Amino acid sequence: MDYSGKFAGTGASDSTGAAAAKTVTIELYGKKYFFQSSRQCCDFIDKLLSEERLRELRLLDAMYGEELKELSRDGGINVYQHLRDIVAEFVIIDEYVFQDEAAFQRFLNDLRDSVKANPLYFQSFLKTHEKALKKAGSLYPMTGILLNKLYTQLNRLLFLGDLVITDPALFSWENFRSRFEYLANPAGLRLFVSQHRKCLEEALRNPAARKEAEHILEMDRELIAVDDRYYWNVSEFKTAVADIMKSPGLRDRFAAVHKDALLKLLKNPRAASVAAELLTAAGCEIPKAPEVSLPEENDPPCEEKPLPEDKPISEDKLPDVPKTPVLVPGNIVVLGRYPEDEDELPAPVEWQVLKVDEDAAMTGGKEGSPAPAALLISRFALECRPFHGESQSVSWENSDLRSWLNGEFLEQAFSKEEQALLLKSPDAVSCLSAEEAEELFKTPAARISQATPYAAKNGAATASPKTRNCFIWLRSPGLDPATAAYIDTAGDICLLGEDVSSGEFAVRPLIRISLGGSNLKSLVIRNPADSEKQND
């Protein structure tokens, strides 16, 4: 659009020397408007506002500031300031423009009421404009509370392709079977789960839908697949094989056509014996596991070679090895004990080193050096607890979670000697803040937390039973004073927050230990690879 002629006017003077009125030309979306006084332009601005032509007002403000200032010099209305006061009230959400916060809140309330009629738009708007909405929520606290409720409502929606379940109580296997005819056979179940696995895994963290989601996923795990043939479970597979075995011809043809699939089933402990029986009866060769040959009694003994003669090494050739290990970010430190498995027996706790004072890395904790400290976080989420016992406005300093970490957890997880390693403060044990989570974990993938089986048993919602990726509390507040920020199962930092009384969030404790004196010498330190081997 050409704005080269947007300002045109005459400056001829009359006999008194006063300047004649200037004409200002403004072009908006291809249409030109001419103004000779501030009152005339002010009326035009008010007309645009009454007709909710807010984008034109934004364009007028962005493109014609100098012209409006010039027009305001006629001694009438300061039309430039009038426009600025109007535009300053606008709430901008990407391409959406709202006249003020009240208009924006009316839109959000209408959006909330439309969720049953148009849930896909509800989801699309909140997901597409999440960044801009978070910013608006931080600028307007009351709007932030409303947004938090909308996102809570969104998290309760379950999307299965074109089917949207607005009430999690309707999330049931029987409901799906009545809607989709293809679910009457096991092949349909496998197709259903493969298409909607993400939604089913998300449903695991929804109390109203979790039981049914677990049931459907477990049914899928029970399926026995033989190429394009599916059986609900091992019992049905065994019955089918028994019928096939009654006819030698059918048995041999079935084994020949599906040999590769049957061989794969030999690795399935539930179906291996049935598959092996069919293959053997059909005369198919079953590969044997490699055997380890042991020497027979009469075998000649292995030739023994003399060991090399031990020679002393002079002290001046010994490598310079530090007397104490050097602690660096990424190390795993074993410290304290806490239940890990469902048997609830205490197990050693592994802590990931996040940050170490420079002096610690330089000196290795030598005597006489400045007392450095290290920041550590538990490698796994150890427990499932609410941020606070009641749904109310609460800060980290007054939360039940902080009291529990520095009271019951501290006493249970660490001996008196181990407690002496922790830096003395009211927050000897705490949780990550949102800022620390972003600074110390550079990517969402690095922020993903896994719950221990014990924490999952105690109610920690997980993305799937296999990975146990979970939600963890942060000590930073959410937008609503009755919420706290958290990290979700994908590793994203959620500043909108969740109600502090939620009982499905896990806890990944954070500690600081002093590395002065002999403290470093008493620690069991591993690198991550060694820790993985031990876990295997």
# chains A, B, ... in the order shown; residues from 1 in each chain; ligands from 1
$ residues_around --residues "Arg190 (chain A)" --least-positions-apart "6" --cutoff "10 Å" --atoms "only C-alpha atoms" --output "list in words"
Leu183, Ile216, Leu217, Met219, Asp220, Arg221, Leu223, Ala225, Tyr230 and Trp232 of chain A
$ write_last_selection --atoms "C-alpha atoms" --output "compact mmCIF listing (two decimals), in the first residue's frame"
# COMPACT_ATOMS: atom_id res chain seq x y z
CA LEU A 183 -13.95 -52.49 17.92
CA ILE A 216 -7.73 -50.40 27.09
CA LEU A 217 -3.93 -50.28 26.99
CA MET A 219 -6.14 -55.16 26.47
CA ASP A 220 -3.84 -54.05 23.65
CA ARG A 221 -0.83 -55.55 25.42
CA LEU A 223 -3.32 -59.12 22.06
CA ALA A 225 -0.67 -60.92 16.61
CA TYR A 230 -5.24 -60.94 16.00
CA TRP A 232 -7.79 -61.13 22.20
$ select_by_dssp --residues "region 75-265 of chain A" --states "strand (DSSP E or B)" --output "CSV table (one decimal) with N, CA and C atoms, in the first residue's frame"
chain,number,residue,atom,x,y,z
A,91,VAL,N,-6.3,-5.3,24.3
A,91,VAL,CA,-5.6,-6.6,24.6
A,91,VAL,C,-5.3,-7.3,23.3
A,92,ILE,N,-4.1,-7.5,23.1
A,92,ILE,CA,-3.7,-8.1,21.8
A,92,ILE,C,-3.3,-9.6,22.0
A,93,ILE,N,-4.0,-10.5,21.3
A,93,ILE,CA,-3.7,-11.9,21.4
A,93,ILE,C,-3.4,-12.3,19.9
A,96,TYR,N,-5.8,-11.5,17.2
A,96,TYR,CA,-7.1,-11.1,17.9
A,96,TYR,C,-6.8,-9.7,18.6
A,97,VAL,N,-7.8,-8.8,18.5
A,97,VAL,CA,-7.7,-7.5,19.2
A,97,VAL,C,-9.0,-7.3,20.0
A,98,PHE,N,-8.8,-7.0,21.2
A,98,PHE,CA,-10.0,-6.7,22.1
A,98,PHE,C,-9.9,-5.3,22.7
A,158,LEU,N,-10.8,-34.9,26.2
A,158,LEU,CA,-10.1,-36.1,25.7
A,158,LEU,C,-10.5,-36.1,24.2
A,159,PHE,N,-9.5,-36.1,23.3
A,159,PHE,CA,-9.7,-36.1,21.9
A,159,PHE,C,-9.3,-37.4,21.3
A,160,LEU,N,-10.3,-38.1,20.6
A,160,LEU,CA,-10.1,-39.3,19.9
A,160,LEU,C,-10.5,-39.1,18.4
A,163,LEU,N,-13.8,-37.5,17.5
A,163,LEU,CA,-14.6,-37.6,18.7
A,163,LEU,C,-14.0,-36.9,19.9
A,164,VAL,N,-14.7,-36.0,20.5
A,164,VAL,CA,-14.2,-35.2,21.7
A,164,VAL,C,-15.1,-35.5,22.9
A,165,ILE,N,-14.4,-36.0,23.9
A,165,ILE,CA,-15.2,-36.3,25.1
A,165,ILE,C,-15.0,-35.2,26.1
A,224,ILE,N,-2.5,-61.0,20.9
A,224,ILE,CA,-1.5,-61.9,20.2
A,224,ILE,C,-1.7,-61.7,18.7
A,225,ALA,N,-0.6,-61.2,18.0
A,225,ALA,CA,-0.7,-60.9,16.6
A,225,ALA,C,0.1,-62.0,15.8
A,226,VAL,N,-0.5,-62.5,14.8
A,226,VAL,CA,0.1,-63.5,13.9
A,226,VAL,C,-0.1,-62.9,12.5
A,229,ARG,N,-3.6,-61.6,11.6
A,229,ARG,CA,-4.6,-62.2,12.5
A,229,ARG,C,-4.3,-61.8,13.9
A,230,TYR,N,-5.4,-61.4,14.6
A,230,TYR,CA,-5.2,-60.9,16.0
A,230,TYR,C,-6.1,-61.8,16.9
A,231,TYR,N,-5.7,-62.1,18.1
A,231,TYR,CA,-6.4,-62.8,19.1
A,231,TYR,C,-6.5,-62.0,20.4
$ residues_around --residues "Ala484 (chain A)" --least-positions-apart "4" --cutoff "7 Å" --atoms "only C-alpha atoms" --output "number ranges by chain"
A: 474-478, 497-500
$ write_last_selection --atoms "N, CA and C atoms" --output "PDB file, in the first residue's frame"
ATOM      1  N   LEU A 474       7.057 -27.365  40.838  1.00  0.00           N
ATOM      2  CA  LEU A 474       8.087 -26.349  41.001  1.00  0.00           C
ATOM      3  C   LEU A 474       7.706 -25.502  42.216  1.00  0.00           C
ATOM      4  N   ARG A 475       8.669 -24.817  42.797  1.00  0.00           N
ATOM      5  CA  ARG A 475       8.322 -24.006  43.964  1.00  0.00           C
ATOM      6  C   ARG A 475       7.825 -22.608  43.573  1.00  0.00           C
ATOM      7  N   SER A 476       7.849 -22.309  42.279  1.00  0.00           N
ATOM      8  CA  SER A 476       7.358 -21.018  41.795  1.00  0.00           C
ATOM      9  C   SER A 476       5.832 -21.011  41.767  1.00  0.00           C
ATOM     10  N   PRO A 477       5.209 -19.861  42.027  1.00  0.00           N
ATOM     11  CA  PRO A 477       3.744 -19.798  42.012  1.00  0.00           C
ATOM     12  C   PRO A 477       3.200 -19.823  40.595  1.00  0.00           C
ATOM     13  N   GLY A 478       1.940 -20.254  40.447  1.00  0.00           N
ATOM     14  CA  GLY A 478       1.241 -20.139  39.176  1.00  0.00           C
ATOM     15  C   GLY A 478       0.619 -18.761  39.057  1.00  0.00           C
ATOM     16  N   GLY A 497       0.186 -22.947  36.007  1.00  0.00           N
ATOM     17  CA  GLY A 497       0.091 -23.621  37.294  1.00  0.00           C
ATOM     18  C   GLY A 497      -1.071 -24.590  37.402  1.00  0.00           C
ATOM     19  N   GLU A 498      -1.067 -25.336  38.507  1.00  0.00           N
ATOM     20  CA  GLU A 498      -2.125 -26.293  38.824  1.00  0.00           C
ATOM     21  C   GLU A 498      -2.540 -26.061  40.265  1.00  0.00           C
ATOM     22  N   ASP A 499      -3.790 -26.395  40.586  1.00  0.00           N
ATOM     23  CA  ASP A 499      -4.305 -26.207  41.945  1.00  0.00           C
ATOM     24  C   ASP A 499      -3.365 -26.869  42.952  1.00  0.00           C
ATOM     25  N   VAL A 500      -3.035 -26.132  44.016  1.00  0.00           N
ATOM     26  CA  VAL A 500      -2.032 -26.617  44.976  1.00  0.00           C
ATOM     27  C   VAL A 500      -2.466 -27.891  45.682  1.00  0.00           C
TER      28      VAL A 500
END
$ closest_atom_pairs --of "region 435-528 of chain A" --to "region 116-133 of chain A" --cutoff "12 Å" --atoms "only C-alpha atoms" --output "JSON lines"
{"residue": "A:Leu479", "atom": "CA", "partner": "A:Leu133", "partner_atom": "CA", "distance": 11.5}
{"residue": "A:Ile493", "atom": "CA", "partner": "A:Lys131", "partner_atom": "CA", "distance": 11.9}
{"residue": "A:Cys494", "atom": "CA", "partner": "A:Glu130", "partner_atom": "CA", "distance": 10.5}
{"residue": "A:Leu495", "atom": "CA", "partner": "A:Lys131", "partner_atom": "CA", "distance": 10.5}
{"residue": "A:Leu496", "atom": "CA", "partner": "A:Leu133", "partner_atom": "CA", "distance": 9.8}
$ write_last_selection --atoms "C-alpha atoms" --output "short mmCIF file (atom, residue, chain, number, x, y, z; two decimals), in the first residue's frame"
data_model
loop_
_atom_site.label_atom_id
_atom_site.label_comp_id
_atom_site.auth_asym_id
_atom_site.auth_seq_id
_atom_site.Cartn_x
_atom_site.Cartn_y
_atom_site.Cartn_z
CA LEU A 479 -0.80 -17.24 37.84
CA ILE A 493 7.44 -25.53 32.15
CA CYS A 494 3.79 -24.68 32.85
CA LEU A 495 3.63 -21.23 34.44
CA LEU A 496 -0.17 -21.13 34.46
#
$ residues_around --residues "region 429-437 of chain A" --least-positions-apart "4" --cutoff "9 Å" --atoms "only C-alpha atoms" --output "PDB file with C-alpha atoms, in the first residue's frame"
ATOM      1  CA  ILE A 377      18.377 -33.119  42.275  1.00  0.00           C
ATOM      2  CA  LEU A 401       5.241 -29.532  50.702  1.00  0.00           C
ATOM      3  CA  ARG A 402       8.101 -27.400  52.023  1.00  0.00           C
ATOM      4  CA  LEU A 405      10.517 -31.973  52.678  1.00  0.00           C
ATOM      5  CA  ASN A 406      12.392 -30.295  55.523  1.00  0.00           C
ATOM      6  CA  PHE A 409      11.327 -36.507  54.361  1.00  0.00           C
ATOM      7  CA  LEU A 410      14.632 -35.144  55.687  1.00  0.00           C
ATOM      8  CA  LEU A 422      23.508 -30.633  53.615  1.00  0.00           C
ATOM      9  CA  SER A 425      19.069 -23.423  55.809  1.00  0.00           C
ATOM     10  CA  PHE A 441      17.919 -27.987  31.868  1.00  0.00           C
ATOM     11  CA  LYS A 442      18.359 -26.447  28.433  1.00  0.00           C
ATOM     12  CA  ARG A 447      13.459 -31.685  31.998  1.00  0.00           C
ATOM     13  CA  TRP A 473       5.979 -29.492  41.244  1.00  0.00           C
ATOM     14  CA  LEU A 474       8.087 -26.349  41.001  1.00  0.00           C
ATOM     15  CA  ARG A 475       8.322 -24.006  43.964  1.00  0.00           C
ATOM     16  CA  SER A 476       7.358 -21.018  41.795  1.00  0.00           C
ATOM     17  CA  PRO A 477       3.744 -19.798  42.012  1.00  0.00           C
ATOM     18  CA  ALA A 485       3.929 -23.961  38.531  1.00  0.00           C
ATOM     19  CA  TYR A 486       5.009 -27.394  37.346  1.00  0.00           C
ATOM     20  CA  ILE A 487       6.829 -29.360  34.634  1.00  0.00           C
ATOM     21  CA  ILE A 493       7.441 -25.532  32.145  1.00  0.00           C
ATOM     22  CA  CYS A 494       3.786 -24.678  32.848  1.00  0.00           C
ATOM     23  CA  LEU A 495       3.632 -21.226  34.442  1.00  0.00           C
ATOM     24  CA  VAL A 507       8.100 -34.490  43.969  1.00  0.00           C
ATOM     25  CA  ARG A 508      11.709 -34.397  42.772  1.00  0.00           C
ATOM     26  CA  PRO A 509      13.675 -33.049  45.758  1.00  0.00           C
ATOM     27  CA  LEU A 510      16.536 -30.579  45.394  1.00  0.00           C
ATOM     28  CA  ILE A 511      19.421 -30.421  47.889  1.00  0.00           C
ATOM     29  CA  ARG A 512      22.636 -28.453  48.348  1.00  0.00           C
TER      30      ARG A 512
END
$ residues_around --residues "Leu71 (chain A)" --least-positions-apart "5" --cutoff "9 Å" --atoms "only C-alpha atoms" --output "ChimeraX atom specification"
/A:22-24,35-38,41,66,78-80
